[in-house]
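Chemist: Just dropping this structure here.
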Amino acid sequence: MIVGLALVATSFSATPLIVAQEQGRLGIASEVQKALATVRSVQINGGNHVEAQVAAQKLGGLDESQLVTVLKAFEGASPLAKNWLMGVAGAIVRQSDQLPKDALIAFLKDTSNDSDARYWTFELLTQSNAKIRQMWLAEMSDDPSLDIRYLAVAQKLDQLEGAAVSVEQYGPLLDLARHPEQLKVIAGKLRDAGEGVDLARQYGFLMNWQLIGPFDNRDEKGFDVVYGPEKDYLAKPETKPAGLYSGKEDKACTWMEASTSADDGLLDIAALYNKEKGAIAYAYAEFQAKDSVEADIRLGCINANKVWVNGKEVAANQVYHASSAIDQYVGKTELKKGLNTILLKICQNEQTQAWAQDWSFQLRVCDANGKAILADGRPIVAVKKADSKGGEQK
Amino acid sequence: MLIHILVRNTLSAGMSLGRKSIALAIAAASMLSAVADVSADWPAFRGVGGNPVVPDAKLPTEFGGEANKSVAWKTRLPGRSVGGPVVIGNKVITNSAGGVDAKRLTISCLDTGSGKLLWEQAFRATGRTFYYPTSSNAAPSPCSDGERVYAFYSSNDLICLDLNGNLIWYRGLAYDFPKAGNDIGMSSSPAIAGGAVIVQVECQGESFAMGLDRLTGKTLWKLDRPNQANWASPVAVQLPGGKEAVVLQCSQNLMLLEPNSGEKIWEIELSCQSIPSCTYVGSNLLVPSGKGMTVLDLGDAAGEPKSLWTNNKVNPGSGSALARNGVVYALNGSVLVSADLLSGEEGWKLRLPDAGQLWATPVIAGDKLYAFTQDGDCFVVQLPADSSGKAEVVARNSLGEAVYGTPAIAGDALYVRSYDHLWKIAE
């Protein structure tokens, strides 16, 4: 009883401004568009969900002629709202006698449409038609939808499997692929064919760092302690901190050059600090951007970590030894033209298990689709061939 | 049924019906939900009350293999799962995660008779989709109140559909709690108690338990939990007086909550394990504790529970314990152990030869226990009447595909979710 009454009481307390803004974006004032705007207005913590529930139920009863209208509403919607819209689209499909295939194909072909909506449409149209799926994917390996592009590249790789490895076949795929696993496979094939591939460059991993440490992290208490390098960097983020720093057990800390040549950009801090436990190291790098650009700062790190770009924190994760992967943590930033600085704080704890000894990180700079953004003047390293495939991802 | 009629009539009014009217209808349905009949055959992870035992079910002893013996059907699904299915009437529902980085979330409903797809609904993960290579983003099992199905994912996406696949509500909890996630993968399955669906999300980053209105997805309550990895599931219990409650376990304590408010009925200091979950049998709660197993009598929950016994040697491994006819069963590694439910006195033990790793909780149909290995082999154990007899492996069946989720029993059929397929095993 209480739950029901509470629901009524809150039914119309949504944020009309957000709904109005959504209606304005869609530009049409019809009942359908109003309902779509309401679904698009969902917020975190359940915000506007009561209204969205009502609107989604209305929209789910539409006939199939409105399906593309619903798919077009994905454009600019939040990931939360897109899931509501997928529910709406699914309801329309289930009660449809005949899908508007021509309109759906046209929607899919128009690559300016929302990638999530296009992928949803692709699966709808092809999941029970393997022949069409294969035929379409053959032409979609540069699709802006990363999901479709992945499937298209995977299909090409499958088709090439078993045939003689050739640079002509695999070379173009290296630029088309975005997913780290596919890049690794393609690089391996090219190396087998005798071609050199700088895979780390393809990913956009930063390879050269300056490290300072170890600072105290016994009992995992150092994560929020602002040690000297961090304090000085945040005060003056345009340069590397240059003070004299006292670290764990009052030992003097100095900067050291640290580089990696691993394909996956993994830098082993533990090896540089004699497997110190309960310790923190800071890593500093400079990145010369050719232009001002929005960028992803993508970190893989099995230790607790913080990341700053130009003095602004873009990631903070107090998690120890719970797996690691390329692109594990994604921070958004805007690189400015010219010099940008990056500071990492990588925290090792004191766990004694064999699987809890790694103290390392890998960081790449790329666009939102995973394509590397390379620093201006990034040195071209000697390319690797089949006999030196570099580090393995954990 | 009443709720369905109400909502269907509401929908049939179409676009002309005002928001207020529909909101009132939903509110009315919400009020009625407390008396809705839950008719699911296998409504949640480990069945009814988390004790996967169906005394009158008759399942094949031998099945699978190259001849697909007693495999009524086998249906491919659009992604991987390491959870189990739910069965509601003639519908068996399972969730999957596929596509790039397991971000394509699907909920599939199959006809129990034919295995044919009745409907499927896809969504996209909004949270973290990292997990241990043998696991899946679809690690939590779905649950159902008999009229809706709730699917939860490691990525903290929580979806409520009606039994025709239509979206009732959706919550992307990763947006509400961005630090809540474990890159080894989360696996705690949701539970339904009272008017709430309850999720338990515990990891190093940010931990919480939450009760959401099962009709609207609205947050009813949220409880901060220790920032430690925990894969155990909340357990819905119906106390002897009929009162519904939910049990939460973690390494620091065990607590019983009122499901609609989240208010603590009691909390005791007891270090619980982080993988196997509690099992509720009669008024007794089998708790995988740091010391093996502790059995509590919850009584009517008027006061703190009474501890009946603790036994280090009755220690469930990855799967949870189960009980039948006054005997507790726990699979510790590949050794099946038994104990008296009320005294904790150990009984027979049985090694499952060359079993390898077992993650799924065993299930019991009649007097046979079915235990799946991660390689998809199923040991069938003939159980004696009590813990003093002798158990015997009577069959070892192979499905040839990894099985991590607890199977479901409905009627005289076993529904098994392997990585990529759903199987019906029946004579």
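By order of appearance in the structure tokens: chains A, B, ..., then residues from 1 within every chain, and ligands from 1 in the order shown.
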Applying 12 Å and only C-alpha atoms, which residues near Ala177 of chain A remain after dropping the ones on its own chain fewer than 5 positions away? List them as a compact mmCIF listing (two decimals) with N, CA and C atoms, in the first residue's frame.
Modeler:
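Writing the result to result_37.txt gives the following:
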# COMPACT_ATOMS: atom_id res chain seq x y z
N MET A 140 31.66 -4.33 -44.27
CA MET A 140 31.47 -3.45 -43.10
C MET A 140 32.68 -3.38 -42.18
N SER A 141 33.85 -3.73 -42.68
CA SER A 141 35.00 -3.77 -41.78
C SER A 141 35.53 -2.38 -41.42
N ASP A 142 34.99 -1.34 -42.03
CA ASP A 142 35.34 0.01 -41.58
C ASP A 142 34.13 0.74 -41.01
N ASP A 143 33.17 -0.03 -40.54
CA ASP A 143 31.93 0.56 -40.04
C ASP A 143 32.21 1.38 -38.78
N PRO A 144 31.52 2.51 -38.64
CA PRO A 144 31.72 3.31 -37.42
C PRO A 144 31.22 2.62 -36.15
N SER A 145 30.32 1.67 -36.28
CA SER A 145 29.93 0.89 -35.10
C SER A 145 31.05 -0.10 -34.78
N LEU A 146 31.61 0.02 -33.59
CA LEU A 146 32.71 -0.88 -33.22
C LEU A 146 32.24 -2.32 -33.12
N ASP A 147 30.99 -2.51 -32.78
CA ASP A 147 30.45 -3.87 -32.70
C ASP A 147 30.40 -4.51 -34.09
N ILE A 148 29.87 -3.75 -35.05
CA ILE A 148 29.77 -4.28 -36.41
C ILE A 148 31.17 -4.44 -37.01
N ARG A 149 32.01 -3.45 -36.78
CA ARG A 149 33.38 -3.53 -37.31
C ARG A 149 34.09 -4.76 -36.75
N TYR A 150 33.92 -5.01 -35.46
CA TYR A 150 34.55 -6.18 -34.85
C TYR A 150 34.09 -7.47 -35.55
N LEU A 151 32.78 -7.58 -35.75
CA LEU A 151 32.25 -8.78 -36.40
C LEU A 151 32.78 -8.92 -37.82
N ALA A 152 32.89 -7.79 -38.52
CA ALA A 152 33.37 -7.82 -39.90
C ALA A 152 34.84 -8.24 -39.96
N VAL A 153 35.64 -7.69 -39.06
CA VAL A 153 37.06 -8.06 -39.03
C VAL A 153 37.20 -9.53 -38.61
N ALA A 154 36.39 -9.93 -37.65
CA ALA A 154 36.44 -11.33 -37.21
C ALA A 154 36.10 -12.27 -38.36
N GLN A 155 35.13 -11.87 -39.16
CA GLN A 155 34.76 -12.72 -40.30
C GLN A 155 35.92 -12.82 -41.29
N LYS A 156 36.59 -11.70 -41.55
CA LYS A 156 37.73 -11.75 -42.46
C LYS A 156 38.84 -12.63 -41.89
N LEU A 157 39.07 -12.50 -40.60
CA LEU A 157 40.11 -13.34 -39.98
C LEU A 157 39.74 -14.81 -40.07
N TYR A 170 46.57 -9.46 -44.61
CA TYR A 170 46.45 -9.01 -43.22
C TYR A 170 46.81 -7.53 -43.03
N GLY A 171 47.65 -7.01 -43.91
CA GLY A 171 48.10 -5.62 -43.75
C GLY A 171 46.95 -4.63 -43.61
N PRO A 172 45.97 -4.64 -44.51
CA PRO A 172 44.87 -3.67 -44.40
C PRO A 172 44.06 -3.83 -43.11
N GLN A 182 41.99 -8.28 -31.54
CA GLN A 182 42.13 -8.45 -32.99
C GLN A 182 43.44 -7.87 -33.48
N LEU A 183 43.83 -6.73 -32.93
CA LEU A 183 45.11 -6.14 -33.33
C LEU A 183 46.25 -7.11 -33.03
N LYS A 184 46.16 -7.76 -31.89
CA LYS A 184 47.21 -8.70 -31.50
C LYS A 184 47.28 -9.87 -32.47
N VAL A 185 46.12 -10.38 -32.84
CA VAL A 185 46.08 -11.51 -33.78
C VAL A 185 46.65 -11.10 -35.13
N ILE A 186 46.23 -9.94 -35.61
CA ILE A 186 46.68 -9.49 -36.93
C ILE A 186 48.19 -9.24 -36.93
N ALA A 187 48.68 -8.61 -35.86
CA ALA A 187 50.12 -8.36 -35.77
C ALA A 187 50.88 -9.67 -35.78
N GLN A 202 50.58 0.98 -32.70
CA GLN A 202 49.24 0.80 -33.25
C GLN A 202 48.18 1.03 -32.16
N TYR A 203 48.50 0.52 -30.96
CA TYR A 203 47.58 0.73 -29.83
C TYR A 203 47.61 2.18 -29.34
N ASN A 369 36.97 5.59 -30.10
CA ASN A 369 36.81 4.31 -30.79
C ASN A 369 38.01 3.40 -30.62
N GLY A 370 39.01 3.85 -29.88
CA GLY A 370 40.17 3.02 -29.63
C GLY A 370 41.30 3.20 -30.64
N LYS A 371 41.16 4.16 -31.52
CA LYS A 371 42.24 4.40 -32.48
C LYS A 371 43.31 5.24 -31.81
N ALA A 372 44.55 4.81 -31.97
CA ALA A 372 45.66 5.47 -31.28
C ALA A 372 45.74 6.95 -31.63
Chemist: Could you write out, as JSON, numbers by chain, all the residues of segment 183-343 of chain A that DSSP marks as strand (DSSP E or B)?
Modeler: {"A": [197, 205, 208, 209, 210, 211, 212, 213, 214, 215, 216, 245, 246, 252, 253, 256, 257, 258, 259, 267, 268, 279, 280, 281, 282, 283, 284, 285, 286, 287, 288, 289, 293, 294, 295, 296, 297, 298, 299, 300, 304, 305, 306, 307, 308, 309, 312, 313, 314, 315, 316, 317, 329, 330, 331, 332, 333, 334, 335, 338, 339, 340, 341, 342, 343]}
Chemist: Could you list, as a ChimeraX atom specification, every residue of chain A that has an atom within 9 Å of an atom of chain B, counting only C-alpha atoms?
Modeler: /A:1-8,11-12,31-32,44-47,49-62,79-80,82-84,86-88,90-91,94,116,120,146-147,150-151,179,317-320,322-325,328
Chemist: In Å, with one decimal, what is the gap from atom CA of Asp367 of chain B to atom CA of Tyr280 of chain B?
Modeler: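 These atoms are spaced 19.4 Å apart.
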